>>> print(open('entry22.pdb').read())   # PDB, C-alpha atoms
ATOM      1  CA  MET A  93      10.961 -14.450 159.612
ATOM      2  CA  ASN A  94       9.394 -16.972 157.178
ATOM      3  CA  GLU A  95      11.620 -19.724 158.607
ATOM      4  CA  GLU A  96       9.398 -22.435 157.119
ATOM      5  CA  PHE A  97      10.366 -21.298 153.615
ATOM      6  CA  CYS A  98      13.551 -22.355 151.886
ATOM      7  CA  GLN A  99      16.239 -19.763 151.243
ATOM      8  CA  GLN A 100      15.293 -19.397 147.579
ATOM      9  CA  CYS A 101      11.655 -18.660 148.421
ATOM     10  CA  ARG A 102      12.580 -16.193 151.135
ATOM     11  CA  HIS A 103      14.723 -14.365 148.599
ATOM     12  CA  LEU A 104      11.922 -14.323 146.024
ATOM     13  CA  PHE A 105       9.526 -12.657 148.451
ATOM     14  CA  GLU A 106      11.854  -9.963 149.704
ATOM     15  CA  LEU A 107      10.330  -6.516 149.406
ATOM     16  CA  ASP A 108      12.838  -5.289 146.817
ATOM     17  CA  ASN A 109      12.176  -8.260 144.563
ATOM     18  CA  ILE A 110       8.406  -7.830 144.831
ATOM     19  CA  ARG A 111       8.702  -4.155 143.932
ATOM     20  CA  LYS A 112      11.030  -5.017 141.045
ATOM     21  CA  ILE A 113       8.638  -7.598 139.671
ATOM     22  CA  SER A 114       5.645  -5.320 140.143
ATOM     23  CA  GLY A 115       7.345  -2.640 138.092
ATOM     24  CA  ARG A 116       7.554  -4.688 134.896
ATOM     25  CA  SER A 117       5.220  -3.819 132.064
ATOM     26  CA  TYR A 118       2.541  -6.283 131.034
ATOM     27  CA  ARG A 119       4.224  -7.018 127.689
ATOM     28  CA  HIS A 120       7.527  -7.947 129.226
ATOM     29  CA  SER A 121       8.304 -11.086 131.152
ATOM     30  CA  SER A 122      11.409 -12.704 132.504
ATOM     31  CA  SER A 123      12.301 -16.104 133.819
ATOM     32  CA  TYR A 124      13.148 -16.391 137.492
ATOM     33  CA  ARG A 125      15.252 -19.458 138.153
ATOM     34  CA  HIS A 126      13.864 -20.911 141.315
ATOM     35  CA  GLY A 127      16.454 -23.636 141.779
ATOM     36  CA  ASN A 128      17.396 -27.152 140.806
ATOM     37  CA  ALA A 129      14.338 -29.328 140.139
ATOM     38  CA  GLU A 130      15.382 -31.974 142.636
ATOM     39  CA  ALA A 131      16.101 -29.233 145.190
ATOM     40  CA  VAL A 132      12.597 -27.809 144.796
ATOM     41  CA  VAL A 133      11.103 -31.253 145.349
ATOM     42  CA  GLU A 134      13.363 -31.794 148.334
ATOM     43  CA  ASN A 135      12.472 -28.402 149.824
ATOM     44  CA  ALA A 136       8.815 -29.235 149.362
ATOM     45  CA  ARG A 137       9.328 -32.500 151.227
ATOM     46  CA  LYS A 138      11.037 -30.541 153.987
ATOM     47  CA  GLY A 139       7.954 -28.359 154.307
ATOM     48  CA  CYS A 140       8.609 -25.251 152.212
ATOM     49  CA  PRO A 141       5.052 -24.097 151.412
ATOM     50  CA  PHE A 142       5.822 -22.314 148.167
ATOM     51  CA  CYS A 143       7.983 -25.105 146.723
ATOM     52  CA  TYR A 144       5.068 -27.412 147.507
ATOM     53  CA  LEU A 145       2.720 -25.164 145.549
ATOM     54  CA  ILE A 146       5.152 -25.086 142.625
ATOM     55  CA  ILE A 147       5.070 -28.870 142.501
ATOM     56  CA  GLN A 148       1.281 -28.893 142.621
ATOM     57  CA  LEU A 149       1.185 -26.356 139.838
ATOM     58  CA  GLN A 150       3.634 -28.336 137.702
ATOM     59  CA  THR A 151       2.164 -31.796 138.216
ATOM     60  CA  LYS A 152      -1.553 -30.952 138.689
ATOM     61  CA  TRP A 153      -1.656 -33.872 141.112
ATOM     62  CA  SER A 154      -4.379 -34.404 143.627
ATOM     63  CA  GLY A 155      -3.710 -33.308 147.167
ATOM     64  CA  ASP A 156      -4.381 -36.818 148.453
ATOM     65  CA  VAL A 157      -1.174 -38.077 146.818
ATOM     66  CA  PRO A 158       1.542 -38.187 149.511
ATOM     67  CA  ILE A 159       4.345 -35.781 148.820
ATOM     68  CA  GLU A 160       6.811 -38.700 149.143
ATOM     69  CA  HIS A 161       5.462 -39.985 145.825
ATOM     70  CA  PHE A 162       6.361 -36.848 143.874
ATOM     71  CA  VAL A 163       8.726 -37.466 140.977
ATOM     72  CA  PRO A 164      11.230 -34.783 139.953
ATOM     73  CA  ILE A 165       9.430 -32.033 138.077
ATOM     74  CA  LYS A 166      10.580 -30.921 134.661
ATOM     75  CA  GLY A 167      13.094 -28.123 134.617
ATOM     76  CA  THR A 168      15.071 -26.445 131.873
ATOM     77  CA  GLU A 169      17.799 -28.169 129.862
ATOM     78  CA  ASP A 170      20.226 -27.696 132.730
ATOM     79  CA  ASN A 171      17.624 -29.184 135.068
ATOM     80  CA  ARG A 172      16.639 -25.953 136.773
ATOM     81  CA  VAL A 173      13.087 -24.888 137.588
ATOM     82  CA  SER A 174      12.225 -21.635 135.856
ATOM     83  CA  VAL A 175       9.299 -19.557 137.061
ATOM     84  CA  ARG A 176       8.000 -17.084 134.506
ATOM     85  CA  VAL A 177       7.485 -13.633 135.913
ATOM     86  CA  LEU A 178       4.849 -11.547 134.165
ATOM     87  CA  SER A 179       3.545  -8.207 135.382
ATOM     88  CA  GLN A 180      -0.091  -7.209 135.044
ATOM     89  CA  GLY A 181      -1.597  -4.051 136.459
ATOM     90  CA  VAL A 182       0.328  -3.146 139.598
ATOM     91  CA  GLY A 183       2.199  -6.403 139.317
ATOM     92  CA  SER A 184       2.182 -10.137 139.367
ATOM     93  CA  LEU A 185       4.593 -12.792 140.462
ATOM     94  CA  ILE A 186       4.764 -16.459 139.609
ATOM     95  CA  GLY A 187       3.159 -17.723 136.401
ATOM     96  CA  ASP A 188       0.775 -14.798 136.013
ATOM     97  CA  ILE A 189       0.011 -14.595 139.731
ATOM     98  CA  GLU A 190      -1.846 -11.469 140.742
ATOM     99  CA  ILE A 191      -1.292  -9.702 144.047
ATOM    100  CA  GLU A 192      -4.426  -8.867 145.972
ATOM    101  CA  VAL A 193      -5.486  -8.047 149.514
ATOM    102  CA  GLU A 194      -7.038 -11.019 151.243
ATOM    103  CA  ASP A 195     -10.285 -10.318 153.105
ATOM    104  CA  ASP A 196     -10.052  -6.678 151.965
ATOM    105  CA  ASN A 197      -7.704  -6.072 154.897
ATOM    106  CA  THR A 198      -6.430  -2.653 153.854
ATOM    107  CA  GLU A 199      -5.065  -2.118 157.367
ATOM    108  CA  ASP A 200      -2.379  -4.705 156.673
ATOM    109  CA  PRO A 201       0.844  -2.861 155.773
ATOM    110  CA  ALA A 202       1.362  -5.214 152.805
ATOM    111  CA  SER A 203      -1.823  -3.872 151.225
ATOM    112  CA  ALA A 204       0.223  -0.875 150.098
ATOM    113  CA  LEU A 205       1.918  -3.180 147.582
ATOM    114  CA  THR A 206      -1.206  -3.719 145.527
ATOM    115  CA  SER A 207      -4.602  -2.381 144.537
ATOM    116  CA  PHE A 208      -6.070  -5.833 143.840
ATOM    117  CA  ARG A 209      -8.837  -7.040 146.130
ATOM    118  CA  PRO A 210     -10.417 -10.495 146.500
ATOM    119  CA  VAL A 211     -13.690 -11.605 144.967
ATOM    120  CA  GLU A 212     -16.475 -10.910 147.469
ATOM    121  CA  THR A 213     -18.755 -13.944 147.620
ATOM    122  CA  GLU A 214     -21.359 -12.335 149.905
ATOM    123  CA  VAL A 215     -23.059 -10.075 147.376
ATOM    124  CA  ALA A 216     -25.498  -8.677 149.942
ATOM    125  CA  SER A 217     -22.697  -7.488 152.203
ATOM    126  CA  GLN A 218     -22.258  -3.822 153.092
ATOM    127  CA  THR A 219     -18.928  -3.833 151.244
ATOM    128  CA  VAL A 220     -20.553  -4.912 147.980
ATOM    129  CA  VAL A 221     -23.487  -2.531 148.362
ATOM    130  CA  ALA A 222     -21.189   0.416 149.069
ATOM    131  CA  ALA A 223     -19.021  -0.455 146.073
ATOM    132  CA  ALA A 224     -22.076  -0.796 143.829
ATOM    133  CA  ARG A 225     -23.497   2.551 144.933
ATOM    134  CA  GLU A 226     -20.151   4.229 144.306
ATOM    135  CA  LEU A 227     -19.896   2.726 140.810
ATOM    136  CA  ILE A 228     -23.456   3.779 139.994
ATOM    137  CA  SER A 229     -22.683   7.300 141.177
ATOM    138  CA  GLN A 230     -19.576   7.417 138.995
ATOM    139  CA  CYS A 231     -21.603   6.180 136.033
ATOM    140  CA  ASN A 232     -24.290   8.809 136.558
ATOM    141  CA  ASP A 233     -21.662  11.545 136.768
ATOM    142  CA  SER A 234     -19.257  10.432 134.065
ATOM    143  CA  HIS A 235     -21.129   8.341 131.487
ATOM    144  CA  PRO A 236     -23.583  10.557 129.593
ATOM    145  CA  ALA A 237     -24.284   7.761 127.107
ATOM    146  CA  CYS A 238     -25.691   5.642 129.947
ATOM    147  CA  ARG A 239     -28.221   8.223 131.064
ATOM    148  CA  ALA A 240     -31.912   7.947 130.240
ATOM    149  CA  GLU A 241     -32.907   9.365 126.881
ATOM    150  CA  ALA A 242     -34.870  12.602 126.909
ATOM    151  CA  GLY A 243     -38.518  11.997 126.156
ATOM    152  CA  ALA A 244     -38.257   8.232 126.677
ATOM    153  CA  ARG A 245     -41.514   6.443 127.336
ATOM    154  CA  PRO A 246     -41.452   4.914 130.825
ATOM    155  CA  PRO A 247     -42.981   1.554 131.692
ATOM    156  CA  ALA A 248     -46.697   1.683 132.415
ATOM    157  CA  ARG A 249     -46.210   0.435 135.973
ATOM    158  CA  VAL A 250     -43.428  -0.134 138.481
ATOM    159  CA  VAL A 251     -43.270  -1.549 141.987
ATOM    160  CA  ASP A 252     -42.899   1.016 144.757
ATOM    161  CA  VAL A 253     -40.624  -0.595 147.357
ATOM    162  CA  ALA A 254     -40.204   2.423 149.640
ATOM    163  CA  GLY A 255     -43.468   2.536 151.548
ATOM    164  CA  PRO A 256     -43.589   3.108 155.325
ATOM    165  CA  ASP A 257     -44.264  -0.595 155.906
ATOM    166  CA  THR A 258     -41.267  -2.501 154.498
ATOM    167  CA  SER A 259     -43.270  -5.720 154.436
ATOM    168  CA  VAL A 260     -45.699  -4.234 151.903
ATOM    169  CA  ILE A 261     -45.041  -3.119 148.312
ATOM    170  CA  ARG A 262     -47.422  -1.779 145.697
ATOM    171  CA  LEU A 263     -47.766  -1.030 142.004
ATOM    172  CA  CYS A 264     -47.837   2.569 140.866
ATOM    173  CA  SER A 265     -47.376   4.797 137.818
ATOM    174  CA  PRO A 266     -45.247   7.774 138.927
ATOM    175  CA  PRO A 267     -45.364  10.758 136.541
ATOM    176  CA  ASN A 268     -41.611  11.519 136.652
ATOM    177  CA  LEU A 269     -40.242   7.982 136.603
ATOM    178  CA  ILE A 270     -37.489   8.597 134.056
ATOM    179  CA  GLU A 271     -36.155  11.563 136.032
ATOM    180  CA  GLU A 272     -36.380   9.784 139.398
ATOM    181  CA  GLY A 273     -34.774   6.601 138.103
ATOM    182  CA  TYR A 274     -35.799   2.973 138.444
ATOM    183  CA  VAL A 275     -34.281  -0.507 138.633
ATOM    184  CA  VAL A 276     -35.089  -3.384 136.277
ATOM    185  CA  LEU A 277     -34.744  -7.100 136.927
ATOM    186  CA  SER A 278     -33.470  -9.561 134.325
ATOM    187  CA  TYR A 279     -34.101 -13.154 135.376
ATOM    188  CA  CYS A 280     -35.200 -16.618 134.299
ATOM    189  CA  TRP A 281     -38.906 -17.352 134.723
ATOM    190  CA  GLY A 282     -38.439 -21.107 134.994
ATOM    191  CA  LYS A 283     -41.251 -23.553 134.452
ATOM    192  CA  HIS A 284     -43.609 -22.013 136.980
ATOM    193  CA  GLN A 285     -44.315 -18.357 137.692
ATOM    194  CA  PRO A 286     -46.276 -18.318 140.964
ATOM    195  CA  VAL A 287     -47.025 -14.575 141.083
ATOM    196  CA  GLN A 288     -48.220 -12.648 138.047
ATOM    197  CA  LEU A 289     -50.115  -9.419 137.523
ATOM    198  CA  ARG A 290     -53.566 -10.167 136.169
ATOM    199  CA  LYS A 291     -56.811  -8.265 135.778
ATOM    200  CA  ASP A 292     -58.314  -9.920 138.828
ATOM    201  CA  ASN A 293     -55.477  -8.875 141.167
ATOM    202  CA  LEU A 294     -54.545  -5.497 139.670
ATOM    203  CA  ALA A 295     -56.468  -3.571 142.334
ATOM    204  CA  ILE A 296     -54.803  -5.591 145.095
ATOM    205  CA  PHE A 297     -51.350  -4.920 143.629
ATOM    206  CA  MET A 298     -52.112  -1.207 143.406
ATOM    207  CA  ASP A 299     -53.345  -1.055 147.008
ATOM    208  CA  GLY A 300     -50.361  -2.954 148.340
ATOM    209  CA  PHE A 301     -49.409  -6.597 148.718
ATOM    210  CA  SER A 302     -47.100  -8.610 150.935
ATOM    211  CA  LEU A 303     -43.429  -8.802 150.031
ATOM    212  CA  ALA A 304     -43.392 -12.291 151.568
ATOM    213  CA  SER A 305     -45.874 -13.457 148.918
ATOM    214  CA  LEU A 306     -43.257 -13.044 146.201
ATOM    215  CA  PRO A 307     -40.873 -15.808 145.085
ATOM    216  CA  PRO A 308     -37.235 -15.528 146.252
ATOM    217  CA  THR A 309     -35.828 -13.923 143.089
ATOM    218  CA  PHE A 310     -38.330 -11.065 143.317
ATOM    219  CA  GLN A 311     -37.774 -10.614 147.038
ATOM    220  CA  ASP A 312     -34.049 -10.347 146.377
ATOM    221  CA  ALA A 313     -34.688  -7.695 143.727
ATOM    222  CA  VAL A 314     -36.679  -5.635 146.227
ATOM    223  CA  THR A 315     -33.867  -5.982 148.758
ATOM    224  CA  CYS A 316     -31.279  -4.846 146.208
ATOM    225  CA  THR A 317     -33.390  -1.928 144.995
ATOM    226  CA  ARG A 318     -33.743  -0.630 148.531
ATOM    227  CA  ALA A 319     -30.072  -1.212 149.348
ATOM    228  CA  LEU A 320     -28.990   0.747 146.267
ATOM    229  CA  GLY A 321     -31.158   3.663 147.326
ATOM    230  CA  TYR A 322     -33.927   3.448 144.717
ATOM    231  CA  ARG A 323     -37.662   3.477 145.141
ATOM    232  CA  TYR A 324     -38.991   1.912 141.956
ATOM    233  CA  LEU A 325     -38.472  -1.575 140.548
ATOM    234  CA  TRP A 326     -39.693  -2.984 137.238
ATOM    235  CA  VAL A 327     -40.318  -6.726 136.908
ATOM    236  CA  ASP A 328     -42.199  -7.922 133.845
ATOM    237  CA  ALA A 329     -44.327 -10.503 135.685
ATOM    238  CA  LEU A 330     -45.429  -7.920 138.262
ATOM    239  CA  CYS A 331     -45.757  -4.857 136.061
ATOM    240  CA  ILE A 332     -47.304  -6.171 132.819
ATOM    241  CA  LEU A 333     -50.869  -7.485 132.810
ATOM    242  CA  GLN A 334     -50.286 -11.064 131.753
ATOM    243  CA  ASP A 335     -53.881 -11.694 130.642
ATOM    244  CA  ASP A 336     -54.270  -8.454 128.653
ATOM    245  CA  ASP A 337     -52.933  -9.271 125.193
ATOM    246  CA  GLU A 338     -53.182  -5.737 123.863
ATOM    247  CA  GLY A 339     -51.560  -4.159 126.898
ATOM    248  CA  LYS A 340     -48.900  -6.862 127.022
ATOM    249  CA  MET A 341     -47.972  -6.309 123.380
ATOM    250  CA  HIS A 342     -47.783  -2.578 123.991
ATOM    251  CA  GLU A 343     -45.281  -3.086 126.835
ATOM    252  CA  ILE A 344     -43.307  -5.722 124.939
ATOM    253  CA  LYS A 345     -42.751  -3.241 122.122
ATOM    254  CA  ASN A 346     -41.419  -0.812 124.717
ATOM    255  CA  MET A 347     -39.175  -3.418 126.368
ATOM    256  CA  GLY A 348     -35.980  -2.133 124.767
ATOM    257  CA  SER A 349     -36.666   1.362 126.059
ATOM    258  CA  ILE A 350     -37.569   0.059 129.520
ATOM    259  CA  TYR A 351     -34.182  -1.614 129.918
ATOM    260  CA  ARG A 352     -32.251   1.087 128.073
ATOM    261  CA  ASN A 353     -33.547   3.882 130.290
ATOM    262  CA  ALA A 354     -33.370   2.099 133.631
ATOM    263  CA  THR A 355     -30.827   3.500 136.062
ATOM    264  CA  VAL A 356     -29.697   0.034 137.165
ATOM    265  CA  SER A 357     -30.236  -3.448 135.743
ATOM    266  CA  ILE A 358     -30.096  -6.432 138.095
ATOM    267  CA  SER A 359     -29.176  -9.709 136.419
ATOM    268  CA  ALA A 360     -30.104 -12.815 138.422
ATOM    269  CA  ALA A 361     -27.698 -14.883 136.339
ATOM    270  CA  VAL A 362     -27.137 -17.710 138.828
ATOM    271  CA  THR A 363     -30.797 -18.704 139.111
ATOM    272  CA  SER A 364     -32.785 -20.905 136.734
ATOM    273  CA  SER A 365     -36.163 -20.106 138.286
ATOM    274  CA  VAL A 366     -37.857 -17.363 140.278
ATOM    275  CA  LEU A 367     -38.112 -19.920 143.071
ATOM    276  CA  GLN A 368     -34.371 -19.545 143.678
ATOM    277  CA  SER A 369     -32.569 -16.790 145.562
ATOM    278  CA  TYR A 370     -29.583 -15.183 143.900
ATOM    279  CA  LEU A 371     -28.519 -13.428 147.098
ATOM    280  CA  ASP A 372     -28.374 -16.727 148.986
ATOM    281  CA  TYR A 373     -26.586 -18.552 146.181
ATOM    282  CA  ASP A 374     -23.593 -20.453 147.547
ATOM    283  CA  ARG A 375     -20.845 -18.645 145.653
ATOM    284  CA  ARG A 376     -18.232 -19.642 148.200
ATOM    285  CA  GLY A 377     -19.221 -23.286 147.817
ATOM    286  CA  SER A 378     -19.070 -22.988 144.041
ATOM    287  CA  ILE A 379     -15.538 -21.671 144.293
ATOM    288  CA  ARG A 380     -14.589 -24.415 146.740
ATOM    289  CA  SER A 381     -15.947 -27.056 144.373
ATOM    290  CA  ALA A 382     -13.324 -26.029 141.832
ATOM    291  CA  PHE A 383     -10.485 -27.052 144.104
ATOM    292  CA  LYS A 384     -10.762 -30.774 143.516
ATOM    293  CA  TYR A 385      -7.050 -31.422 143.232
ATOM    294  CA  SER A 386      -5.919 -28.612 145.476
ATOM    295  CA  GLU A 387      -7.407 -29.966 148.700
ATOM    296  CA  SER A 388      -3.977 -30.552 150.156
ATOM    297  CA  LYS A 389      -2.049 -29.958 153.336
ATOM    298  CA  THR A 390      -0.857 -26.662 151.839
ATOM    299  CA  LYS A 391      -3.807 -24.878 150.246
ATOM    300  CA  SER A 392      -2.214 -21.499 150.781
ATOM    301  CA  CYS A 393       0.910 -20.056 152.284
ATOM    302  CA  HIS A 394       1.560 -16.835 154.110
ATOM    303  CA  ILE A 395       4.610 -14.702 153.447
ATOM    304  CA  LYS A 396       5.606 -11.973 155.873
ATOM    305  CA  ILE A 397       6.893  -8.794 154.231
ATOM    306  CA  LYS A 398       8.925  -6.172 156.068
ATOM    307  CA  LEU A 399       8.284  -2.695 154.702
ATOM    308  CA  GLU A 400      10.705   0.227 154.677
ATOM    309  CA  ASP A 401       9.182   1.743 157.802
ATOM    310  CA  GLY A 402       9.733  -1.471 159.741
ATOM    311  CA  ARG A 403       6.111  -2.610 159.748
ATOM    312  CA  ILE A 404       5.450  -6.216 158.834
ATOM    313  CA  GLY A 405       2.589  -7.195 156.558
ATOM    314  CA  THR A 406       1.480 -10.522 155.129
ATOM    315  CA  LEU A 407       1.014 -11.812 151.593
ATOM    316  CA  THR A 408      -1.150 -14.904 151.220
ATOM    317  CA  ILE A 409      -0.665 -17.124 148.178
ATOM    318  CA  VAL A 410      -3.880 -18.884 147.260
ATOM    319  CA  PRO A 411      -5.017 -20.858 144.189
ATOM    320  CA  ARG A 412      -6.491 -18.831 141.385
ATOM    321  CA  VAL A 413      -9.878 -20.022 140.109
ATOM    322  CA  HIS A 414     -11.124 -19.392 136.585
ATOM    323  CA  SER A 415     -14.473 -20.622 135.260
ATOM    324  CA  LEU A 416     -14.842 -23.042 138.171
ATOM    325  CA  GLN A 417     -11.528 -24.714 137.336
ATOM    326  CA  VAL A 418      -8.254 -24.280 139.084
ATOM    327  CA  THR A 419      -5.801 -22.836 136.610
ATOM    328  CA  GLY A 420      -2.105 -23.501 136.673
ATOM    329  CA  HIS A 421      -1.492 -20.242 138.500
ATOM    330  CA  TRP A 422      -1.249 -19.102 142.080
ATOM    331  CA  ARG A 423      -2.265 -15.732 143.368
ATOM    332  CA  PRO A 424      -0.582 -13.989 146.257
ATOM    333  CA  ALA A 425      -2.865 -11.833 148.311
ATOM    334  CA  SER A 426      -2.015  -9.564 151.161
ATOM    335  CA  GLY A 427      -3.985  -9.825 154.372
TER     336      GLY A 427
END
>>> encode(input="entry22.pdb", output="structure tokens")
Amino acid sequence: MNEEFCQQCRHLFELDNIRKISGRSYRHSSSYRHGNAEAVVENARKGCPFCYLIIQLQTKWSGDVPIEHFVPIKGTEDNRVSVRVLSQGVGSLIGDIEIEVEDDNTEDPASALTSFRPVETEVASQTVVAAARELISQCNDSHPACRAEAGARPPARVVDVAGPDTSVIRLCSPPNLIEEGYVVLSYCWGKHQPVQLRKDNLAIFMDGFSLASLPPTFQDAVTCTRALGYRYLWVDALCILQDDDEGKMHEIKNMGSIYRNATVSISAAVTSSVLQSYLDYDRRGSIRSAFKYSESKTKSCHIKIKLEDGRIGTLTIVPRVHSLQVTGHWRPASG
């Protein structure tokens, strides 16, 4: 098992060692001597995936540099490569590596070793929606400070997204809005706001208007509101009369209360205009763009782990991304 790894790496990823490392407290770290520096380079040349990643981590070289050109990496005074082991949460491994389950594959036996899960890039997926609904439910049950204030003044209008025809939405002023709950949208207007509530279209908005007529950011907000199980959505451009100065000022003064007493706030942080969709934003591509020097023949490596009951799971070591830059760390994930 794991024949492609050198003996030192196979030893590092034995179940007992992983459990030992995972049991350390966050404030304590130790140095795991991974072998002679030249030996690590040589094992990488021979094809050991993890030794190769160690060299990448140490040198920060681009993946298009042939491995034959690697120079010996710096070790300790006695020329040995030391890998700092630091535990965080349920555990970490090499250089602040976290253990997570790749692809949320909780059926993999190795998933029992960790509670970490990967970043979900498809924010409209059923997994994300279910997780969001669960977190909202926990907040409603356990966070009294987050609940709407008694006697709070609701917004004058909200968008009803739960009509029988899903292609049509309408403005309304429900009497028990605070009790029923509503969603607010925080977003960037951009240079052009194609759809606004005005005196000449107020009656149309109240009767019902086409969801398809809205710009992408607003359509996404409707989709999210429905997916989260709510009926009412507040968007300033759609719910405040933009050509009624007195009414607009009245709602602006109530803006703090509108956001404070909303059940859920949606932040379209990745868009710079309502003409952009935050649900269709290429998060996966943004993450990929961070791996400029890690596009190599070994972008990840898979370690098989044999558990006590004889089942075999898999840990996957992948680069860790922070703020769209690859850090000098590698994250093992099970899956």
>>> residues_around(input="entry22.pdb", residues="Cys238 (chain A)", least_positions_apart="6", cutoff="10 Å", atoms="all atoms listed in the file", output="list of chain:residue names")
A:Cys231, A:Asn232, A:Arg352, A:Asn353, A:Ala354, A:Thr355, A:Val356
>>> write_last_selection(input="entry22.pdb", atoms="C-alpha atoms", output="compact mmCIF listing (two decimals), in the frame of the given file")
# COMPACT_ATOMS: atom_id res chain seq x y z
CA CYS A 231 -21.60 6.18 136.03
CA ASN A 232 -24.29 8.81 136.56
CA ARG A 352 -32.25 1.09 128.07
CA ASN A 353 -33.55 3.88 130.29
CA ALA A 354 -33.37 2.10 133.63
CA THR A 355 -30.83 3.50 136.06
CA VAL A 356 -29.70 0.03 137.16
>>> resolve_selection(input="entry22.pdb", expression="the PyMOL selection byres ((chain A and resi 399) around 10)", output="list of chain:residue names")
A:Glu106, A:Leu107, A:Asp108, A:Pro201, A:Ala202, A:Ala204, A:Leu205, A:Lys396, A:Ile397, A:Lys398, A:Glu400, A:Asp401, A:Gly402, A:Arg403, A:Ile404, A:Gly405
>>> write_last_selection(input="entry22.pdb", atoms="C-alpha atoms", output="mmCIF file, keeping the file's coordinate frame")
data_model
loop_
_atom_site.group_PDB
_atom_site.id
_atom_site.type_symbol
_atom_site.label_atom_id
_atom_site.label_comp_id
_atom_site.auth_asym_id
_atom_site.auth_seq_id
_atom_site.Cartn_x
_atom_site.Cartn_y
_atom_site.Cartn_z
ATOM 1 C CA GLU A 106 11.854 -9.963 149.704
ATOM 2 C CA LEU A 107 10.330 -6.516 149.406
ATOM 3 C CA ASP A 108 12.838 -5.289 146.817
ATOM 4 C CA PRO A 201 0.844 -2.861 155.773
ATOM 5 C CA ALA A 202 1.362 -5.214 152.805
ATOM 6 C CA ALA A 204 0.223 -0.875 150.098
ATOM 7 C CA LEU A 205 1.918 -3.180 147.582
ATOM 8 C CA LYS A 396 5.606 -11.973 155.873
ATOM 9 C CA ILE A 397 6.893 -8.794 154.231
ATOM 10 C CA LYS A 398 8.925 -6.172 156.068
ATOM 11 C CA GLU A 400 10.705 0.227 154.677
ATOM 12 C CA ASP A 401 9.182 1.743 157.802
ATOM 13 C CA GLY A 402 9.733 -1.471 159.741
ATOM 14 C CA ARG A 403 6.111 -2.610 159.748
ATOM 15 C CA ILE A 404 5.450 -6.216 158.834
ATOM 16 C CA GLY A 405 2.589 -7.195 156.558
#
>>> resolve_selection(input="entry22.pdb", expression="the PyMOL selection byres ((chain A and resi 287) around 10)", output="tab-separated table (two decimals) with C-alpha atoms, keeping the file's coordinate frame")
chain	number	residue	atom	x	y	z
A	284	HIS	CA	-43.61	-22.01	136.98
A	285	GLN	CA	-44.32	-18.36	137.69
A	286	PRO	CA	-46.28	-18.32	140.96
A	288	GLN	CA	-48.22	-12.65	138.05
A	289	LEU	CA	-50.12	-9.42	137.52
A	290	ARG	CA	-53.57	-10.17	136.17
A	305	SER	CA	-45.87	-13.46	148.92
A	306	LEU	CA	-43.26	-13.04	146.20
A	307	PRO	CA	-40.87	-15.81	145.08
A	310	PHE	CA	-38.33	-11.06	143.32
A	329	ALA	CA	-44.33	-10.50	135.68
A	330	LEU	CA	-45.43	-7.92	138.26
A	366	VAL	CA	-37.86	-17.36	140.28
>>> resolve_selection(input="entry22.pdb", expression="the PyMOL selection byres ((chain A and resi 364) around 9)", output="CSV table (one decimal) with C-alpha atoms, in the frame of the given file")
chain,number,residue,atom,x,y,z
A,279,TYR,CA,-34.1,-13.2,135.4
A,280,CYS,CA,-35.2,-16.6,134.3
A,281,TRP,CA,-38.9,-17.4,134.7
A,282,GLY,CA,-38.4,-21.1,135.0
A,360,ALA,CA,-30.1,-12.8,138.4
A,361,ALA,CA,-27.7,-14.9,136.3
A,362,VAL,CA,-27.1,-17.7,138.8
A,363,THR,CA,-30.8,-18.7,139.1
A,365,SER,CA,-36.2,-20.1,138.3
A,366,VAL,CA,-37.9,-17.4,140.3
A,367,LEU,CA,-38.1,-19.9,143.1
A,368,GLN,CA,-34.4,-19.5,143.7
>>> closest_residue(input="entry22.pdb", among="A:Cys316, A:Val221, A:Leu145, A:Ile261", to="Ala304 (chain A)", atoms="all atoms listed in the file")
A:Ile261
>>> closest_residue(input="entry22.pdb", among="A:Arg318, A:Lys283, A:Arg239, A:His103", to="Ile270 (chain A)", atoms="all atoms listed in the file")
A:Arg239
>>> atom_distance(input="entry22.pdb", atom1="CA of Leu325 (chain A)", atom2="CA of Glu212 (chain A)")
24.9 Å
>>> atom_distance(input="entry22.pdb", atom1="CA of Met298 (chain A)", atom2="CA of Ala240 (chain A)")
25.8 Å
>>> closest_residue(input="entry22.pdb", among="A:Pro236, A:Gly300, A:Gly273, A:Pro246", to="Val260 (chain A)", atoms="only C-alpha atoms")
A:Gly300
>>> atom_distance(input="entry22.pdb", atom1="CA of Gly243 (chain A)", atom2="CA of Gly348 (chain A)")
14.4 Å
>>> residues_near_point(input="entry22.pdb", point="(-39.2, -2.5, 148.2)", cutoff="8 Å", atoms="all atoms listed in the file", output="PyMOL selection string")
chain A and resi 251-255+258+260-261+303+314-315+317-318+323-325
>>> residues_near_point(input="entry22.pdb", point="(11.2, -22.2, 154.2)", cutoff="8 Å", atoms="all atoms listed in the file", output="count of residues only")
12
>>> closest_residue(input="entry22.pdb", among="A:Ala237, A:Ile146, A:Ala248, A:Leu320", to="Gln218 (chain A)", atoms="only C-alpha atoms")
A:Leu320
>>> closest_residue(input="entry22.pdb", among="A:Met93, A:Cys393, A:Ala319, A:Leu227", to="Cys143 (chain A)", atoms="only C-alpha atoms")
A:Cys393
>>> closest_residue(input="entry22.pdb", among="A:Leu277, A:Tyr370, A:Asp200, A:Thr219", to="Thr406 (chain A)", atoms="all atoms listed in the file")
A:Asp200
